[in-house]
Amino acid sequence: MFKYLYLTKVEWADTWVKGGDIPISLASTYLHDERDGTLTPDENLIHESEVDLKSLSPIVRIEDGAQIGSFSMTNCTLNGERLPDIEDAKFYTEDGVILSFSNSLSSSIAAKLGKKCCVRVSKLKDLRKLIDKQLGVKGVMKECEYTDDHQRNHFLKSTEDSWQEEFRIFWKYSSNVTVTIPKGHAKLVATYD
């Protein structure tokens, strides 16, 4: 399975190609008020609910930073009007470290991300297992999906991010980390001006 990793500096490709130490950042590192390249306003948000919980205000007020592990409300009315039933809704932030790849090699993706080169990464399962061992945590890897609605998780993002064609590996790990990878996991395939 080949995936593409866009890098900010061309010299960073050397580590991916020849082996060495690579940093892996927390998902919250990419949290920002507005979408810009790798930055998004809903990074590390888990929002699983039939109804957008934020839309229930002022009846139910969900503050930014709320940590709701399970919320249910059934057969409720307000001023004679029926409210939507909600069962086991979740709304919280969850951090962990992520490696984000793209399914495509594309100069337009590189430009939107503000990156200078791209490496093609192979043996992704082996790479994940190698990092799993160093972190002591099993990573989850899969393609991101995109939605127009309110729901979010580490692999479900806004359609506004769909141009990234993202594939992620997520480890539930509490801090930025540096791991060591051996030679042979990547090949430099493109540089950009």
# chains A, B, ... in the order shown; residues from 1 in each chain; ligands from 1
call {"tool": "residues_around", "arguments": {"residues": "stretch 100-103 of chain A", "least_positions_apart": "4", "cutoff": "9 Å", "atoms": "only C-alpha atoms", "output": "PyMOL selection string"}}
result
chain A and resi 2-6+109+121+143+164-170
call {"tool": "residues_around", "arguments": {"residues": "A:Thr93", "least_positions_apart": "3", "cutoff": "12 Å", "atoms": "only C-alpha atoms", "output": "mmCIF file with N, CA, C and O atoms, in the first residue's frame"}}
result
data_model
loop_
_atom_site.group_PDB
_atom_site.id
_atom_site.type_symbol
_atom_site.label_atom_id
_atom_site.label_comp_id
_atom_site.auth_asym_id
_atom_site.auth_seq_id
_atom_site.Cartn_x
_atom_site.Cartn_y
_atom_site.Cartn_z
ATOM 1 N N ALA A 27 -2.605 15.669 17.579
ATOM 2 C CA ALA A 27 -3.655 16.173 16.692
ATOM 3 C C ALA A 27 -3.992 17.625 17.023
ATOM 4 O O ALA A 27 -4.231 18.439 16.125
ATOM 5 N N SER A 28 -3.980 17.977 18.300
ATOM 6 C CA SER A 28 -4.331 19.344 18.711
ATOM 7 C C SER A 28 -3.360 20.388 18.169
ATOM 8 O O SER A 28 -3.686 21.575 18.116
ATOM 9 N N LEU A 31 -5.020 22.271 15.419
ATOM 10 C CA LEU A 31 -6.255 22.975 15.746
ATOM 11 C C LEU A 31 -6.058 24.476 15.549
ATOM 12 O O LEU A 31 -5.075 25.050 16.033
ATOM 13 N N PRO A 41 -10.501 23.914 12.378
ATOM 14 C CA PRO A 41 -11.148 24.286 13.639
ATOM 15 C C PRO A 41 -11.784 23.112 14.380
ATOM 16 O O PRO A 41 -12.218 23.260 15.520
ATOM 17 N N ASP A 42 -11.836 21.944 13.761
ATOM 18 C CA ASP A 42 -12.491 20.799 14.392
ATOM 19 C C ASP A 42 -11.557 19.602 14.586
ATOM 20 O O ASP A 42 -11.999 18.483 14.800
ATOM 21 N N GLU A 43 -10.266 19.861 14.524
ATOM 22 C CA GLU A 43 -9.294 18.783 14.753
ATOM 23 C C GLU A 43 -9.446 18.270 16.181
ATOM 24 O O GLU A 43 -9.690 19.043 17.092
ATOM 25 N N ASN A 44 -9.333 17.022 16.361
ATOM 26 C CA ASN A 44 -9.423 16.243 17.607
ATOM 27 C C ASN A 44 -10.779 16.330 18.305
ATOM 28 O O ASN A 44 -10.910 15.972 19.462
ATOM 29 N N LEU A 45 -11.819 16.779 17.586
ATOM 30 C CA LEU A 45 -13.177 16.808 18.125
ATOM 31 C C LEU A 45 -13.867 15.487 17.829
ATOM 32 O O LEU A 45 -13.818 14.995 16.699
ATOM 33 N N ILE A 46 -14.495 14.927 18.849
ATOM 34 C CA ILE A 46 -15.359 13.761 18.679
ATOM 35 C C ILE A 46 -16.781 14.265 18.887
ATOM 36 O O ILE A 46 -17.114 14.756 19.969
ATOM 37 N N HIS A 47 -17.598 14.207 17.852
ATOM 38 C CA HIS A 47 -18.996 14.635 17.934
ATOM 39 C C HIS A 47 -19.823 13.571 17.234
ATOM 40 O O HIS A 47 -19.881 13.526 16.005
ATOM 41 N N GLU A 48 -20.415 12.705 18.025
ATOM 42 C CA GLU A 48 -21.222 11.606 17.496
ATOM 43 C C GLU A 48 -22.631 11.774 18.030
ATOM 44 O O GLU A 48 -22.873 11.592 19.231
ATOM 45 N N ASP A 64 -17.749 25.374 24.197
ATOM 46 C CA ASP A 64 -16.504 24.892 23.614
ATOM 47 C C ASP A 64 -15.684 24.259 24.722
ATOM 48 O O ASP A 64 -15.631 24.774 25.840
ATOM 49 N N GLY A 65 -15.074 23.138 24.430
ATOM 50 C CA GLY A 65 -14.277 22.444 25.433
ATOM 51 C C GLY A 65 -15.078 21.489 26.297
ATOM 52 O O GLY A 65 -14.533 20.826 27.176
ATOM 53 N N ALA A 66 -16.396 21.388 26.060
ATOM 54 C CA ALA A 66 -17.225 20.459 26.835
ATOM 55 C C ALA A 66 -16.725 19.030 26.625
ATOM 56 O O ALA A 66 -16.234 18.686 25.552
ATOM 57 N N GLN A 67 -16.851 18.230 27.657
ATOM 58 C CA GLN A 67 -16.430 16.829 27.590
ATOM 59 C C GLN A 67 -17.631 15.951 27.946
ATOM 60 O O GLN A 67 -17.838 15.607 29.110
ATOM 61 N N ILE A 68 -18.430 15.621 26.947
ATOM 62 C CA ILE A 68 -19.654 14.843 27.154
ATOM 63 C C ILE A 68 -19.437 13.446 26.610
ATOM 64 O O ILE A 68 -19.351 13.243 25.393
ATOM 65 N N GLY A 69 -19.346 12.471 27.497
ATOM 66 C CA GLY A 69 -19.106 11.092 27.089
ATOM 67 C C GLY A 69 -20.361 10.373 26.657
ATOM 68 O O GLY A 69 -20.323 9.470 25.839
ATOM 69 N N LYS A 90 -22.167 11.919 21.900
ATOM 70 C CA LYS A 90 -20.843 12.218 22.446
ATOM 71 C C LYS A 90 -20.347 13.541 21.866
ATOM 72 O O LYS A 90 -20.573 13.830 20.693
ATOM 73 N N GLY A 96 -4.176 12.742 20.623
ATOM 74 C CA GLY A 96 -3.306 11.625 20.317
ATOM 75 C C GLY A 96 -2.394 12.085 19.203
ATOM 76 O O GLY A 96 -2.592 13.158 18.637
ATOM 77 N N ARG A 152 -17.986 14.401 13.761
ATOM 78 C CA ARG A 152 -16.536 14.414 13.595
ATOM 79 C C ARG A 152 -15.908 13.323 14.464
ATOM 80 O O ARG A 152 -16.408 12.985 15.528
ATOM 81 N N ASN A 153 -14.782 12.833 13.979
ATOM 82 C CA ASN A 153 -13.869 12.019 14.779
ATOM 83 C C ASN A 153 -12.512 12.069 14.085
ATOM 84 O O ASN A 153 -12.345 12.827 13.125
ATOM 85 N N HIS A 154 -11.576 11.309 14.548
ATOM 86 C CA HIS A 154 -10.223 11.399 13.984
ATOM 87 C C HIS A 154 -10.166 11.016 12.508
ATOM 88 O O HIS A 154 -9.231 11.402 11.799
#
call {"tool": "residues_around", "arguments": {"residues": "A:Val60", "least_positions_apart": "4", "cutoff": "12 Å", "atoms": "only C-alpha atoms", "output": "list in words"}}
result
Val51, Asp52, Leu53, Lys54, Ser55, Leu56, Phe71, Ser72, Met73, Cys76, Leu78, Leu83, Pro84 and Ile86 of chain A
call {"tool": "write_last_selection", "arguments": {"atoms": "N, CA and C atoms", "output": "mmCIF file, in the first residue's frame"}}
result
data_model
loop_
_atom_site.group_PDB
_atom_site.id
_atom_site.type_symbol
_atom_site.label_atom_id
_atom_site.label_comp_id
_atom_site.auth_asym_id
_atom_site.auth_seq_id
_atom_site.Cartn_x
_atom_site.Cartn_y
_atom_site.Cartn_z
ATOM 1 N N VAL A 51 -28.181 14.484 16.147
ATOM 2 C CA VAL A 51 -28.472 15.908 16.068
ATOM 3 C C VAL A 51 -27.223 16.682 16.486
ATOM 4 N N ASP A 52 -26.953 17.786 15.817
ATOM 5 C CA ASP A 52 -25.847 18.653 16.216
ATOM 6 C C ASP A 52 -26.145 19.194 17.613
ATOM 7 N N LEU A 53 -25.398 18.760 18.603
ATOM 8 C CA LEU A 53 -25.660 19.168 19.980
ATOM 9 C C LEU A 53 -25.563 20.682 20.158
ATOM 10 N N LYS A 54 -24.709 21.328 19.390
ATOM 11 C CA LYS A 54 -24.573 22.790 19.474
ATOM 12 C C LYS A 54 -25.853 23.492 19.003
ATOM 13 N N SER A 55 -26.640 22.838 18.148
ATOM 14 C CA SER A 55 -27.865 23.448 17.616
ATOM 15 C C SER A 55 -28.994 23.476 18.643
ATOM 16 N N LEU A 56 -28.829 22.802 19.762
ATOM 17 C CA LEU A 56 -29.876 22.733 20.779
ATOM 18 C C LEU A 56 -29.889 23.939 21.714
ATOM 19 N N PHE A 71 -24.745 11.429 26.276
ATOM 20 C CA PHE A 71 -25.867 12.330 26.517
ATOM 21 C C PHE A 71 -27.099 11.761 25.838
ATOM 22 N N SER A 72 -28.170 11.631 26.593
ATOM 23 C CA SER A 72 -29.426 11.141 26.023
ATOM 24 C C SER A 72 -30.572 12.026 26.486
ATOM 25 N N MET A 73 -31.549 12.190 25.619
ATOM 26 C CA MET A 73 -32.779 12.883 25.993
ATOM 27 C C MET A 73 -33.871 12.338 25.079
ATOM 28 N N CYS A 76 -38.950 14.618 25.175
ATOM 29 C CA CYS A 76 -38.916 15.950 25.784
ATOM 30 C C CYS A 76 -39.668 16.951 24.911
ATOM 31 N N LEU A 78 -40.733 21.359 24.741
ATOM 32 C CA LEU A 78 -40.511 22.715 25.242
ATOM 33 C C LEU A 78 -41.612 23.594 24.662
ATOM 34 N N LEU A 83 -38.976 18.005 21.162
ATOM 35 C CA LEU A 83 -37.543 18.119 20.889
ATOM 36 C C LEU A 83 -37.046 16.807 20.301
ATOM 37 N N PRO A 84 -35.969 16.827 19.560
ATOM 38 C CA PRO A 84 -35.473 15.575 18.960
ATOM 39 C C PRO A 84 -34.973 14.614 20.036
ATOM 40 N N ILE A 86 -32.430 12.044 21.435
ATOM 41 C CA ILE A 86 -30.985 11.858 21.295
ATOM 42 C C ILE A 86 -30.591 10.719 22.223
#
call {"tool": "closest_residue", "arguments": {"among": "A:Ile62, A:Val179, A:Val17, A:Leu7", "to": "A:Asp132", "atoms": "only C-alpha atoms"}}
result
A:Val179
call {"tool": "select_by_dssp", "arguments": {"residues": "stretch 12-81 of chain A", "states": "strand (DSSP E)", "output": "list in words"}}
result
Gly20, Asp21, Ile22, Pro23, Ile24, Ser25, Leu26, Leu45, Ile46, His47, Glu48, Ile68, Gly69, Ser70, Phe71, Ser72, Met73, Thr77, Leu78 and Glu81 of chain A
call {"tool": "write_last_selection", "arguments": {"atoms": "C-alpha atoms", "output": "PDB file, in the first residue's frame"}}
result
ATOM      1  CA  GLY A  20      16.383   8.169  11.438  1.00  0.00           C
ATOM      2  CA  ASP A  21      14.297  10.101  13.939  1.00  0.00           C
ATOM      3  CA  ILE A  22      10.941  11.582  12.926  1.00  0.00           C
ATOM      4  CA  PRO A  23       8.667  13.759  15.053  1.00  0.00           C
ATOM      5  CA  ILE A  24       4.982  12.881  15.404  1.00  0.00           C
ATOM      6  CA  SER A  25       2.732  15.654  16.670  1.00  0.00           C
ATOM      7  CA  LEU A  26      -0.462  15.686  18.678  1.00  0.00           C
ATOM      8  CA  LEU A  45     -13.177  16.808  18.125  1.00  0.00           C
ATOM      9  CA  ILE A  46     -15.359  13.761  18.679  1.00  0.00           C
ATOM     10  CA  HIS A  47     -18.996  14.635  17.934  1.00  0.00           C
ATOM     11  CA  GLU A  48     -21.222  11.606  17.496  1.00  0.00           C
ATOM     12  CA  ILE A  68     -19.654  14.843  27.154  1.00  0.00           C
ATOM     13  CA  GLY A  69     -19.106  11.092  27.089  1.00  0.00           C
ATOM     14  CA  SER A  70     -22.768  10.145  26.841  1.00  0.00           C
ATOM     15  CA  PHE A  71     -25.867  12.330  26.517  1.00  0.00           C
ATOM     16  CA  SER A  72     -29.426  11.141  26.023  1.00  0.00           C
ATOM     17  CA  MET A  73     -32.779  12.883  25.993  1.00  0.00           C
ATOM     18  CA  THR A  77     -40.996  18.987  24.863  1.00  0.00           C
ATOM     19  CA  LEU A  78     -40.511  22.715  25.242  1.00  0.00           C
ATOM     20  CA  GLU A  81     -43.011  21.498  20.863  1.00  0.00           C
TER      21      GLU A  81
END
call {"tool": "closest_residue", "arguments": {"among": "A:Met1, A:Ala190, A:Trp16, A:Leu99", "to": "A:Tyr30", "atoms": "only C-alpha atoms"}}
result
A:Leu99
call {"tool": "residues_around", "arguments": {"residues": "A:Leu188", "least_positions_apart": "3", "cutoff": "12 Å", "atoms": "only C-alpha atoms", "output": "ChimeraX atom specification"}}
result
/A:4-7,10-18,105,116-122,184-185,191-192
call {"tool": "closest_residue", "arguments": {"among": "A:Ile98, A:Leu113, A:Leu39, A:Ala186", "to": "A:Ile131", "atoms": "only C-alpha atoms"}}
result
A:Ile98
call {"tool": "atom_distance", "arguments": {"atom1": "atom CA of A:Tyr92", "atom2": "atom CA of A:Asn75"}}
result
24.5 Å
call {"tool": "closest_residue", "arguments": {"among": "A:Thr8, A:Ser108, A:Asp126, A:Gly37", "to": "A:Asp161", "atoms": "only C-alpha atoms"}}
result
A:Gly37
call {"tool": "residues_around", "arguments": {"residues": "A:Arg128", "least_positions_apart": "5", "cutoff": "9 Å", "atoms": "only C-alpha atoms", "output": "PyMOL selection string"}}
result
chain A and resi 123+133+138-141+169
call {"tool": "write_last_selection", "arguments": {"atoms": "all heavy atoms", "output": "compact mmCIF listing (two decimals), in the first residue's frame"}}
result
# COMPACT_ATOMS: atom_id res chain seq x y z
N LYS A 123 4.98 0.02 2.79
CA LYS A 123 5.01 -0.82 3.99
C LYS A 123 4.39 -0.10 5.18
O LYS A 123 4.94 -0.07 6.28
CB LYS A 123 6.44 -1.25 4.33
CG LYS A 123 7.16 -1.97 3.22
CD LYS A 123 8.57 -2.28 3.65
CE LYS A 123 9.41 -2.78 2.50
NZ LYS A 123 10.82 -2.90 2.87
N LYS A 133 5.31 -0.32 18.62
CA LYS A 133 6.26 -0.91 19.57
C LYS A 133 7.00 0.17 20.36
O LYS A 133 7.18 0.04 21.57
CB LYS A 133 7.25 -1.80 18.81
CG LYS A 133 8.06 -2.69 19.68
CD LYS A 133 8.85 -3.68 18.84
CE LYS A 133 9.51 -4.70 19.73
NZ LYS A 133 10.22 -5.72 18.97
N LYS A 138 -1.15 0.62 20.31
CA LYS A 138 -1.47 0.21 18.95
C LYS A 138 -2.18 1.35 18.22
O LYS A 138 -3.18 1.87 18.68
CB LYS A 138 -2.34 -1.03 18.94
CG LYS A 138 -2.59 -1.55 17.54
CD LYS A 138 -3.34 -2.84 17.52
CE LYS A 138 -3.52 -3.28 16.07
NZ LYS A 138 -4.24 -4.52 15.98
N GLY A 139 -1.64 1.73 17.07
CA GLY A 139 -2.24 2.78 16.26
C GLY A 139 -3.38 2.25 15.42
O GLY A 139 -3.46 1.07 15.12
N VAL A 140 -4.27 3.16 15.06
CA VAL A 140 -5.38 2.84 14.16
C VAL A 140 -5.08 3.56 12.85
O VAL A 140 -4.76 4.75 12.85
CB VAL A 140 -6.72 3.35 14.73
CG1 VAL A 140 -7.85 3.09 13.75
CG2 VAL A 140 -7.00 2.71 16.08
N MET A 141 -5.19 2.85 11.75
CA MET A 141 -4.92 3.49 10.47
C MET A 141 -6.05 3.22 9.49
O MET A 141 -6.56 2.10 9.41
CB MET A 141 -3.58 3.05 9.89
CG MET A 141 -3.38 1.61 9.60
SD MET A 141 -1.68 1.35 9.03
CE MET A 141 -1.97 0.32 7.63
N ILE A 169 -2.78 7.66 10.44
CA ILE A 169 -2.51 6.71 11.52
C ILE A 169 -2.63 7.53 12.80
O ILE A 169 -2.04 8.60 12.94
CB ILE A 169 -1.11 6.08 11.44
CG1 ILE A 169 -0.85 5.47 10.06
CG2 ILE A 169 -0.97 5.01 12.53
CD1 ILE A 169 0.55 4.90 9.88
call {"tool": "select_by_dssp", "arguments": {"residues": "stretch 105-156 of chain A", "states": "helix (DSSP H, G or I)", "output": "list in words"}}
result
Ser107, Ser108, Ile109, Ala110, Ala111, Lys112, Leu113, Leu124, Lys125, Asp126, Leu127, Arg128, Lys129, Leu130, Ile131, Asp132, Lys133, Gln134 and Leu135 of chain A
